[in-house]
$ cat coords.cif   # mmCIF, C-alpha atoms
data_query
#
loop_
_atom_site.label_atom_id
_atom_site.label_comp_id
_atom_site.auth_asym_id
_atom_site.auth_seq_id
_atom_site.Cartn_x
_atom_site.Cartn_y
_atom_site.Cartn_z
CA MET H 1 -100.91 -54.14 -76.04
CA LYS H 2 -100.69 -50.92 -74.08
CA ARG H 3 -97.10 -51.10 -72.79
CA ILE H 4 -93.97 -52.71 -74.24
CA ALA H 5 -90.25 -52.61 -73.51
CA VAL H 6 -87.08 -52.66 -75.60
CA LEU H 7 -83.56 -53.81 -74.75
CA THR H 8 -80.22 -54.39 -76.45
CA SER H 9 -78.03 -57.29 -75.47
CA GLY H 10 -74.68 -58.86 -76.31
CA GLY H 11 -72.13 -57.07 -78.47
CA ASP H 12 -73.11 -53.59 -79.61
CA ALA H 13 -73.61 -52.91 -83.32
CA PRO H 14 -74.00 -49.68 -85.31
CA GLY H 15 -77.70 -49.14 -85.97
CA MET H 16 -78.97 -50.37 -82.62
CA ASN H 17 -79.88 -46.79 -81.72
CA SER H 18 -81.75 -46.45 -84.99
CA ALA H 19 -83.78 -49.54 -84.07
CA ILE H 20 -84.48 -48.26 -80.56
CA ARG H 21 -85.65 -44.95 -81.97
CA ALA H 22 -87.98 -46.67 -84.44
CA VAL H 23 -89.48 -48.91 -81.76
CA VAL H 24 -90.21 -45.93 -79.50
CA ARG H 25 -91.53 -43.60 -82.19
CA LYS H 26 -93.68 -46.27 -83.86
CA ALA H 27 -95.11 -47.46 -80.54
CA LEU H 28 -96.02 -43.94 -79.46
CA TYR H 29 -97.59 -43.36 -82.87
CA GLU H 30 -99.76 -46.43 -82.20
CA GLY H 31 -100.68 -45.23 -78.70
CA ILE H 32 -98.43 -47.75 -76.90
CA GLU H 33 -96.17 -46.81 -73.98
CA VAL H 34 -92.52 -47.85 -74.23
CA TYR H 35 -89.97 -48.59 -71.54
CA GLY H 36 -86.26 -48.90 -72.18
CA ILE H 37 -84.32 -51.53 -70.25
CA ASN H 38 -80.70 -50.64 -69.58
CA TYR H 39 -77.90 -53.24 -69.78
CA GLY H 40 -79.85 -55.99 -71.50
CA TYR H 41 -81.02 -58.99 -69.49
CA ALA H 42 -78.92 -57.91 -66.51
CA GLY H 43 -80.97 -54.71 -66.36
CA LEU H 44 -84.16 -56.68 -66.88
CA VAL H 45 -83.50 -58.75 -63.76
CA ALA H 46 -82.32 -55.67 -61.83
CA GLY H 47 -85.44 -53.68 -62.77
CA ASP H 48 -83.42 -50.97 -64.54
CA PHE H 49 -86.39 -49.66 -66.55
CA LYS H 50 -87.11 -46.16 -67.83
CA LYS H 51 -90.18 -44.83 -69.60
CA LEU H 52 -89.12 -43.40 -72.97
CA THR H 53 -90.49 -40.37 -74.77
CA ARG H 54 -90.00 -39.04 -78.29
CA GLN H 55 -87.40 -36.67 -76.91
CA ASP H 56 -85.44 -39.50 -75.28
CA VAL H 57 -84.69 -41.00 -78.69
CA GLY H 58 -84.09 -37.73 -80.50
CA ASP H 59 -80.66 -37.31 -82.12
CA ILE H 60 -79.60 -40.94 -81.62
CA ILE H 61 -80.25 -42.31 -85.12
CA GLN H 62 -76.74 -41.32 -86.24
CA LYS H 63 -74.90 -42.59 -83.16
CA GLY H 64 -73.02 -45.87 -82.91
CA GLY H 65 -73.24 -48.17 -79.90
CA THR H 66 -76.45 -48.41 -77.93
CA SER H 67 -78.06 -45.75 -75.77
CA LEU H 68 -79.61 -48.54 -73.67
CA TYR H 69 -76.16 -50.03 -73.01
CA SER H 70 -75.41 -53.72 -73.03
CA ALA H 71 -74.00 -56.36 -70.72
CA ARG H 72 -73.27 -60.06 -70.70
CA TYR H 73 -75.54 -61.89 -68.27
CA PRO H 74 -75.06 -65.67 -68.42
CA GLN H 75 -77.38 -66.14 -65.40
CA PHE H 76 -80.33 -65.45 -67.70
CA ALA H 77 -79.77 -68.89 -69.21
CA THR H 78 -81.16 -70.34 -65.95
CA GLU H 79 -84.85 -70.56 -65.14
CA GLU H 80 -84.23 -68.69 -61.90
CA GLY H 81 -82.83 -65.72 -63.82
CA GLN H 82 -85.68 -65.81 -66.32
CA LEU H 83 -88.35 -65.84 -63.60
CA LYS H 84 -86.71 -62.88 -61.87
CA GLY H 85 -86.87 -61.00 -65.14
CA ILE H 86 -90.53 -61.84 -65.56
CA GLU H 87 -91.24 -60.52 -62.06
CA GLU H 88 -89.82 -57.16 -63.12
CA LEU H 89 -91.79 -57.15 -66.38
CA LYS H 90 -94.97 -57.74 -64.40
CA LYS H 91 -94.06 -55.06 -61.88
CA PHE H 92 -93.84 -52.48 -64.66
CA GLY H 93 -96.89 -53.80 -66.50
CA ILE H 94 -94.90 -54.72 -69.61
CA GLU H 95 -96.93 -56.87 -72.02
CA GLY H 96 -94.36 -57.46 -74.77
CA LEU H 97 -90.62 -57.09 -75.39
CA VAL H 98 -88.44 -56.12 -78.35
CA ALA H 99 -84.96 -57.66 -77.99
CA ILE H 100 -82.16 -56.37 -80.23
CA GLY H 101 -78.98 -58.43 -80.53
CA GLY H 102 -77.46 -61.71 -81.65
CA ASP H 103 -77.98 -65.38 -80.86
CA GLY H 104 -77.60 -64.97 -77.07
CA THR H 105 -80.27 -62.28 -77.15
CA TYR H 106 -82.50 -64.59 -79.17
CA ARG H 107 -82.09 -67.40 -76.64
CA GLY H 108 -83.15 -65.11 -73.80
CA ALA H 109 -86.17 -63.88 -75.75
CA HIS H 110 -87.13 -67.45 -76.65
CA ALA H 111 -87.06 -68.40 -72.95
CA LEU H 112 -89.31 -65.46 -72.04
CA THR H 113 -91.74 -66.42 -74.79
CA GLN H 114 -91.91 -69.96 -73.44
CA HIS H 115 -92.83 -68.46 -70.07
CA GLY H 116 -95.71 -66.61 -71.70
CA TYR H 117 -94.12 -63.23 -72.51
CA PRO H 118 -94.36 -62.29 -76.21
CA CYS H 119 -90.98 -61.24 -77.59
CA VAL H 120 -89.89 -60.06 -81.03
CA CYS H 121 -86.19 -60.17 -81.92
CA ILE H 122 -84.30 -57.76 -84.17
CA PRO H 123 -80.96 -59.08 -85.52
CA GLY H 124 -78.32 -56.65 -84.30
CA THR H 125 -74.75 -57.90 -84.74
CA ILE H 126 -71.84 -56.98 -86.99
CA ASP H 127 -71.10 -60.68 -87.57
CA ASN H 128 -74.10 -61.28 -89.90
CA ASP H 129 -74.39 -64.74 -88.35
CA ILE H 130 -78.14 -64.94 -87.74
CA ALA H 131 -80.27 -67.31 -89.80
CA GLY H 132 -83.53 -66.14 -91.36
CA THR H 133 -82.12 -62.84 -92.63
CA ASP H 134 -79.84 -61.79 -95.47
CA TYR H 135 -78.30 -59.04 -93.34
CA THR H 136 -78.12 -58.04 -89.69
CA VAL H 137 -78.13 -54.49 -88.32
CA GLY H 138 -74.52 -53.32 -88.05
CA PHE H 139 -72.99 -55.56 -90.70
CA ASP H 140 -72.95 -52.97 -93.48
CA THR H 141 -71.31 -50.35 -91.27
CA ALA H 142 -68.74 -52.83 -89.97
CA ILE H 143 -67.62 -54.01 -93.39
CA ASN H 144 -67.22 -50.43 -94.57
CA THR H 145 -65.11 -49.67 -91.49
CA VAL H 146 -62.93 -52.70 -92.23
CA LEU H 147 -62.71 -51.81 -95.91
CA ASP H 148 -61.44 -48.33 -95.08
CA SER H 149 -58.63 -49.88 -93.03
CA LEU H 150 -57.81 -52.44 -95.72
CA ASP H 151 -57.52 -49.72 -98.35
CA LYS H 152 -55.03 -47.89 -96.14
CA ILE H 153 -53.05 -51.08 -95.53
CA ARG H 154 -52.89 -51.67 -99.29
CA ASP H 155 -51.30 -48.23 -99.68
CA THR H 156 -48.38 -49.23 -97.50
CA ALA H 157 -48.35 -52.77 -98.87
CA THR H 158 -47.60 -51.48 -102.36
CA SER H 159 -44.50 -49.77 -100.97
CA HIS H 160 -42.96 -52.97 -99.57
CA VAL H 161 -42.41 -56.58 -100.59
CA ARG H 162 -44.41 -57.94 -97.67
CA THR H 163 -47.34 -60.17 -96.77
CA PHE H 164 -50.04 -58.51 -94.71
CA VAL H 165 -52.40 -60.57 -92.53
CA ILE H 166 -55.45 -58.63 -91.34
CA GLU H 167 -57.49 -60.28 -88.61
CA VAL H 168 -61.16 -59.27 -88.65
CA MET H 169 -64.05 -60.06 -86.34
CA GLY H 170 -66.94 -62.41 -86.99
CA ARG H 171 -66.52 -65.07 -84.32
CA ASP H 172 -67.55 -68.33 -86.06
CA ALA H 173 -68.86 -66.65 -89.23
CA GLY H 174 -66.79 -65.53 -92.20
CA ASP H 175 -69.06 -62.87 -93.69
CA ILE H 176 -66.97 -59.85 -92.64
CA ALA H 177 -63.83 -61.47 -94.06
CA LEU H 178 -65.62 -62.54 -97.26
CA TRP H 179 -67.15 -59.18 -98.08
CA THR H 180 -64.14 -57.05 -97.17
CA GLY H 181 -61.69 -59.47 -98.75
CA ILE H 182 -63.40 -59.29 -102.12
CA ALA H 183 -64.05 -55.54 -101.89
CA SER H 184 -60.40 -54.82 -101.07
CA GLY H 185 -58.94 -57.17 -103.67
CA ALA H 186 -57.33 -59.43 -101.07
CA GLU H 187 -55.35 -62.35 -102.43
CA GLN H 188 -56.56 -64.78 -99.77
CA ILE H 189 -59.60 -65.01 -97.49
CA ILE H 190 -59.48 -67.44 -94.58
CA ILE H 191 -62.84 -68.24 -92.96
CA PRO H 192 -64.13 -70.84 -90.46
CA GLU H 193 -66.54 -72.39 -92.96
CA VAL H 194 -63.79 -73.60 -95.31
CA ASP H 195 -60.67 -75.59 -94.43
CA PHE H 196 -57.37 -74.16 -95.64
CA ASP H 197 -53.94 -75.57 -96.46
CA ILE H 198 -51.13 -73.30 -95.29
CA THR H 199 -48.67 -74.86 -97.75
CA LYS H 200 -50.96 -74.07 -100.69
CA ILE H 201 -51.32 -70.49 -99.48
CA ALA H 202 -47.52 -70.20 -99.28
CA GLU H 203 -47.21 -71.57 -102.80
CA LYS H 204 -49.71 -69.03 -104.13
CA ILE H 205 -47.71 -66.23 -102.52
CA ARG H 206 -44.57 -67.52 -104.26
CA GLN H 207 -46.41 -67.78 -107.59
CA GLY H 208 -47.65 -64.23 -107.22
CA ARG H 209 -44.14 -62.94 -106.66
CA GLU H 210 -42.87 -64.88 -109.65
CA HIS H 211 -45.45 -63.01 -111.72
CA GLY H 212 -44.26 -59.66 -110.39
CA LYS H 213 -46.66 -59.22 -107.48
CA LYS H 214 -44.82 -57.32 -104.76
CA HIS H 215 -47.24 -57.80 -101.88
CA THR H 216 -49.99 -60.08 -100.60
CA ILE H 217 -53.03 -59.24 -98.48
CA ILE H 218 -54.70 -62.02 -96.50
CA VAL H 219 -57.96 -61.36 -94.65
CA LEU H 220 -58.32 -63.76 -91.73
CA ALA H 221 -61.54 -64.32 -89.76
CA GLU H 222 -60.85 -64.46 -86.02
CA GLY H 223 -62.84 -67.69 -85.71
CA VAL H 224 -60.09 -69.56 -87.56
CA MET H 225 -57.15 -68.45 -85.40
CA GLY H 226 -55.34 -65.30 -84.33
CA GLY H 227 -53.38 -63.27 -86.85
CA ASN H 228 -50.06 -63.77 -85.07
CA GLU H 229 -50.51 -67.55 -84.96
CA PHE H 230 -51.30 -67.58 -88.68
CA ALA H 231 -48.21 -65.47 -89.40
CA GLU H 232 -46.03 -67.91 -87.45
CA LYS H 233 -47.31 -70.78 -89.58
CA LEU H 234 -46.44 -68.90 -92.77
CA ASP H 235 -43.00 -67.92 -91.47
CA ALA H 236 -42.30 -71.56 -90.65
CA ILE H 237 -42.55 -72.31 -94.39
CA ASP H 238 -40.64 -69.34 -95.80
CA ASN H 239 -39.71 -65.77 -95.01
CA PHE H 240 -42.65 -63.89 -96.46
CA HIS H 241 -41.98 -60.74 -94.39
CA VAL H 242 -45.36 -61.06 -92.71
CA ARG H 243 -46.95 -58.11 -90.93
CA VAL H 244 -50.10 -58.57 -88.82
CA THR H 245 -52.91 -56.08 -88.17
CA VAL H 246 -55.65 -56.94 -85.69
CA LEU H 247 -58.50 -54.48 -86.26
CA GLY H 248 -60.36 -55.42 -83.07
CA HIS H 249 -63.28 -53.48 -81.64
CA VAL H 250 -62.91 -50.53 -83.99
CA GLN H 251 -65.13 -52.66 -86.25
CA ARG H 252 -68.07 -52.30 -83.84
CA GLY H 253 -68.00 -48.54 -83.56
CA GLY H 254 -68.84 -45.56 -85.69
CA SER H 255 -71.90 -43.87 -87.08
CA PRO H 256 -74.19 -46.39 -88.81
CA SER H 257 -74.37 -46.36 -92.59
CA ALA H 258 -77.52 -45.25 -94.39
CA ARG H 259 -78.37 -48.89 -95.11
CA ASP H 260 -78.08 -49.88 -91.45
CA ARG H 261 -80.17 -46.91 -90.33
CA VAL H 262 -82.96 -47.74 -92.77
CA LEU H 263 -82.83 -51.47 -92.06
CA ALA H 264 -82.95 -50.88 -88.30
CA SER H 265 -85.85 -48.45 -88.68
CA ARG H 266 -87.82 -50.97 -90.73
CA PHE H 267 -87.14 -53.71 -88.20
CA GLY H 268 -88.14 -51.50 -85.25
CA ALA H 269 -91.46 -50.52 -86.80
CA ALA H 270 -92.21 -54.11 -87.84
CA ALA H 271 -91.51 -55.36 -84.31
CA VAL H 272 -94.11 -52.98 -82.89
CA ASP H 273 -96.64 -54.04 -85.52
CA LEU H 274 -96.23 -57.68 -84.50
CA LEU H 275 -96.59 -56.98 -80.78
CA LYS H 276 -99.60 -54.77 -81.46
CA GLU H 277 -101.20 -57.87 -82.98
CA ASP H 278 -100.23 -59.89 -79.87
CA LYS H 279 -97.71 -61.91 -81.89
CA GLY H 280 -94.53 -63.03 -80.15
CA GLY H 281 -91.82 -65.65 -80.28
CA LEU H 282 -90.72 -64.24 -83.62
CA ALA H 283 -87.42 -63.11 -85.12
CA LEU H 284 -87.36 -60.48 -87.84
CA GLY H 285 -85.24 -60.66 -90.95
CA ILE H 286 -84.86 -59.24 -94.41
CA LYS H 287 -85.09 -61.53 -97.46
CA ASN H 288 -84.88 -60.10 -100.99
CA GLU H 289 -85.43 -56.64 -99.47
CA ALA H 290 -88.72 -57.68 -97.82
CA ILE H 291 -89.17 -57.81 -94.04
CA VAL H 292 -89.99 -61.34 -92.88
CA SER H 293 -90.45 -63.11 -89.55
CA ASN H 294 -89.70 -66.63 -88.37
CA PRO H 295 -90.21 -68.48 -85.09
CA ILE H 296 -87.21 -67.79 -82.84
CA GLU H 297 -86.59 -71.51 -82.30
CA ASP H 298 -86.36 -72.07 -86.07
CA VAL H 299 -83.73 -69.36 -86.37
CA LEU H 300 -81.72 -70.76 -83.46
CA ASP H 301 -81.77 -74.23 -85.04
CA LYS H 302 -80.11 -72.89 -88.21
CA LEU H 303 -77.28 -70.77 -86.86
CA GLU H 304 -74.44 -73.05 -87.91
CA THR H 305 -73.56 -71.75 -91.39
CA THR H 306 -75.07 -68.67 -92.98
CA SER H 307 -72.09 -67.36 -94.97
CA ASN H 308 -72.36 -66.98 -98.72
CA LEU H 309 -69.73 -69.50 -99.79
CA ALA H 310 -70.21 -68.50 -103.43
CA LEU H 311 -68.26 -65.36 -102.50
CA TYR H 312 -65.39 -67.51 -101.31
CA GLN H 313 -65.25 -69.30 -104.66
CA LEU H 314 -65.43 -65.98 -106.48
CA ASN H 315 -62.36 -64.75 -104.65
CA GLN H 316 -60.50 -67.96 -105.47
CA GLU H 317 -61.15 -67.31 -109.15
CA ILE H 318 -60.29 -63.59 -109.35
CA SER H 319 -57.73 -62.91 -106.62
CA PHE H 320 -54.50 -63.89 -108.44
#
$ encode --input "coords.cif" --output "structure tokens"
Amino acid sequence: MKRIAVLTSGGDAPGMNSAIRAVVRKALYEGIEVYGINYGYAGLVAGDFKKLTRQDVGDIIQKGGTSLYSARYPQFATEEGQLKGIEELKKFGIEGLVAIGGDGTYRGAHALTQHGYPCVCIPGTIDNDIAGTDYTVGFDTAINTVLDSLDKIRDTATSHVRTFVIEVMGRDAGDIALWTGIASGAEQIIIPEVDFDITKIAEKIRQGREHGKKHTIIVLAEGVMGGNEFAEKLDAIDNFHVRVTVLGHVQRGGSPSARDRVLASRFGAAAVDLLKEDKGGLALGIKNEAIVSNPIEDVLDKLETTSNLALYQLNQEISF
């Protein structure tokens, strides 16, 4: 291949810029031209392309967000939208595409591959909800951001006899809640993958207080329910002096961690290597610290549950 493109799509994640930088620098090293597509698949259809140089990706490795911007574009799920995108790829002479994002990004790339355009996907999402990889770009940074907030909440929790419910992101996956709950010493972790009994949670809070525990921290994944709704259910059982913190989009921002920068750089270089060999329809991942690739359709078929439920059991055993 002589000319490829790169885009980011869906929710932004720390480390996306590191991946973009690696794609551009590696491609230029291999003698391949690179175009950046602004605003994901919306920009693809609109023809919002820009040729990228080494200088264009200088000083972005440490920045959060995505320098190529992102946008939701549901129209790309239609064949009409896909064919419009292909017209623009042909117009610019693009022979292969690197798509960075989550499952929606993967679905768009899979559609392009079926139309004959080789695509390689890089998992970029804080939710860590992509099959075929142990970790996604952005997850490590996000959990450290959450952990910093949880540590601060624990400081005030120790000063009051209260129950703190912290709602974290993750959509339908509980990985952010699992990792930050264990790392912060939370008494309860509530995730979509495991059913919970509110009466049993209330009883554990009572037992903790009987043993001298003055406060309780509960980490709640947003895919279960909102923090305020959960607090209302607890208050309906007893007055636990519940306080709710919704961390929200602060979890997506910030400078990527060293791990996310390195992971994104490895993914970006590997994506170029695959396209250079005319290989497409693949999704990259990391398994046991080795970079691997799987057919995109195989990854999409296994998105349901990727959380490490052993971590949930661990917290049940050591939290009280």
$ closest_residue --input "coords.cif" --among "H:Glu167, H:Glu88, H:Glu30, H:Asp12" --to "Ala42 (chain H)" --atoms "all atoms listed in the file"
H:Glu88
$ resolve_selection --input "coords.cif" --expression "the PyMOL selection byres ((chain H and resi 125) around 10)" --output "CSV table (one decimal) with C-alpha atoms, in the coordinates of the input"
chain,number,residue,atom,x,y,z
H,9,SER,CA,-78.0,-57.3,-75.5
H,10,GLY,CA,-74.7,-58.9,-76.3
H,11,GLY,CA,-72.1,-57.1,-78.5
H,12,ASP,CA,-73.1,-53.6,-79.6
H,13,ALA,CA,-73.6,-52.9,-83.3
H,14,PRO,CA,-74.0,-49.7,-85.3
H,15,GLY,CA,-77.7,-49.1,-86.0
H,16,MET,CA,-79.0,-50.4,-82.6
H,100,ILE,CA,-82.2,-56.4,-80.2
H,101,GLY,CA,-79.0,-58.4,-80.5
H,102,GLY,CA,-77.5,-61.7,-81.6
H,103,ASP,CA,-78.0,-65.4,-80.9
H,122,ILE,CA,-84.3,-57.8,-84.2
H,123,PRO,CA,-81.0,-59.1,-85.5
H,124,GLY,CA,-78.3,-56.6,-84.3
H,126,ILE,CA,-71.8,-57.0,-87.0
H,127,ASP,CA,-71.1,-60.7,-87.6
H,128,ASN,CA,-74.1,-61.3,-89.9
H,129,ASP,CA,-74.4,-64.7,-88.4
H,130,ILE,CA,-78.1,-64.9,-87.7
H,135,TYR,CA,-78.3,-59.0,-93.3
H,136,THR,CA,-78.1,-58.0,-89.7
H,137,VAL,CA,-78.1,-54.5,-88.3
H,138,GLY,CA,-74.5,-53.3,-88.0
H,139,PHE,CA,-73.0,-55.6,-90.7
H,142,ALA,CA,-68.7,-52.8,-90.0
H,170,GLY,CA,-66.9,-62.4,-87.0
H,252,ARG,CA,-68.1,-52.3,-83.8
$ resolve_selection --input "coords.cif" --expression "the PyMOL selection byres ((chain H and resi 151-154) around 12)" --output "PyMOL selection string"
chain H and resi 144-150+155-166+180-187+214-219+243-247
$ closest_residue --input "coords.cif" --among "H:Gly108, H:Asp140, H:Thr66, H:Val120" --to "Glu277 (chain H)" --atoms "only C-alpha atoms"
H:Val120
$ residues_around --input "coords.cif" --residues "Ala77 (chain H)" --least-positions-apart "5" --cutoff "12 Å" --atoms "all atoms listed in the file" --output "list in words"
Tyr41, Ala42, Arg72, Gln82, Leu83, Lys84, Gly85, Gly104, Thr105, Tyr106, Arg107, Gly108, Ala109, His110, Ala111 and Leu112 of chain H
$ residues_around --input "coords.cif" --residues "Phe49 (chain H)" --least-positions-apart "4" --cutoff "9 Å" --atoms "only C-alpha atoms" --output "PyMOL selection string"
chain H and resi 5+35-38+43-44+88+92
$ write_last_selection --input "coords.cif" --atoms "C-alpha atoms" --output "PDB file, in the frame of the given file"
ATOM      1  CA  ALA H   5     -90.250 -52.610 -73.510  1.00  0.00           C
ATOM      2  CA  TYR H  35     -89.970 -48.590 -71.540  1.00  0.00           C
ATOM      3  CA  GLY H  36     -86.260 -48.900 -72.180  1.00  0.00           C
ATOM      4  CA  ILE H  37     -84.320 -51.530 -70.250  1.00  0.00           C
ATOM      5  CA  ASN H  38     -80.700 -50.640 -69.580  1.00  0.00           C
ATOM      6  CA  GLY H  43     -80.970 -54.710 -66.360  1.00  0.00           C
ATOM      7  CA  LEU H  44     -84.160 -56.680 -66.880  1.00  0.00           C
ATOM      8  CA  GLU H  88     -89.820 -57.160 -63.120  1.00  0.00           C
ATOM      9  CA  PHE H  92     -93.840 -52.480 -64.660  1.00  0.00           C
TER      10      PHE H  92
END
$ atom_distance --input "coords.cif" --atom1 "CA of Gly81 (chain H)" --atom2 "CA of Val98 (chain H)"
18.3 Å
$ resolve_selection --input "coords.cif" --expression "the PyMOL selection byres ((chain H and resi 291-294) around 10)" --output "list in words"
Val120, Cys121, Ile122, Ala131, Gly132, Thr133, Leu263, Arg266, Phe267, Ala270, Ala271, Leu274, Gly281, Leu282, Ala283, Leu284, Gly285, Ile286, Lys287, Asn288, Glu289, Ala290, Pro295, Ile296, Glu297, Asp298 and Val299 of chain H
$ atom_distance --input "coords.cif" --atom1 "CA of Glu80 (chain H)" --atom2 "CA of Gly116 (chain H)"
15.2 Å
$ closest_residue --input "coords.cif" --among "H:Thr8, H:Gln207, H:Gln75, H:Ser18" --to "Gly268 (chain H)" --atoms "all atoms listed in the file"
H:Ser18
$ axis_aligned_box --input "coords.cif" --around "region 271-284 of chain H" --padding-each-side "4 Å" --output "AutoDock Vina command-line options"
--center_x -94.3 --center_y -59.3 --center_z -83.9 --size_x 21.8 --size_y 20.7 --size_z 16.0
$ atom_distance --input "coords.cif" --atom1 "CA of Glu87 (chain H)" --atom2 "CA of Tyr29 (chain H)"
27.7 Å
$ residues_around --input "coords.cif" --residues "Ala221 (chain H)" --least-positions-apart "4" --cutoff "9 Å" --atoms "all atoms listed in the file" --output "number ranges by chain"
H: 166-178, 189-192, 225-227
$ closest_residue --input "coords.cif" --among "H:Gln114, H:Gln251, H:Ser265, H:Gln62" --to "Gly280 (chain H)" --atoms "all atoms listed in the file"
H:Gln114
$ closest_residue --input "coords.cif" --among "H:Val242, H:Ile61, H:Ile318, H:Ile205" --to "Gly254 (chain H)" --atoms "only C-alpha atoms"
H:Ile61
$ residues_around --input "coords.cif" --residues "Asp197 (chain H)" --least-positions-apart "6" --cutoff "12 Å" --atoms "all atoms listed in the file" --output "PyMOL selection string"
chain H and resi 188+190+203-204+230+233-234
$ closest_residue --input "coords.cif" --among "H:Lys213, H:Cys119, H:Glu95, H:Leu7" --to "Ala71 (chain H)" --atoms "all atoms listed in the file"
H:Leu7
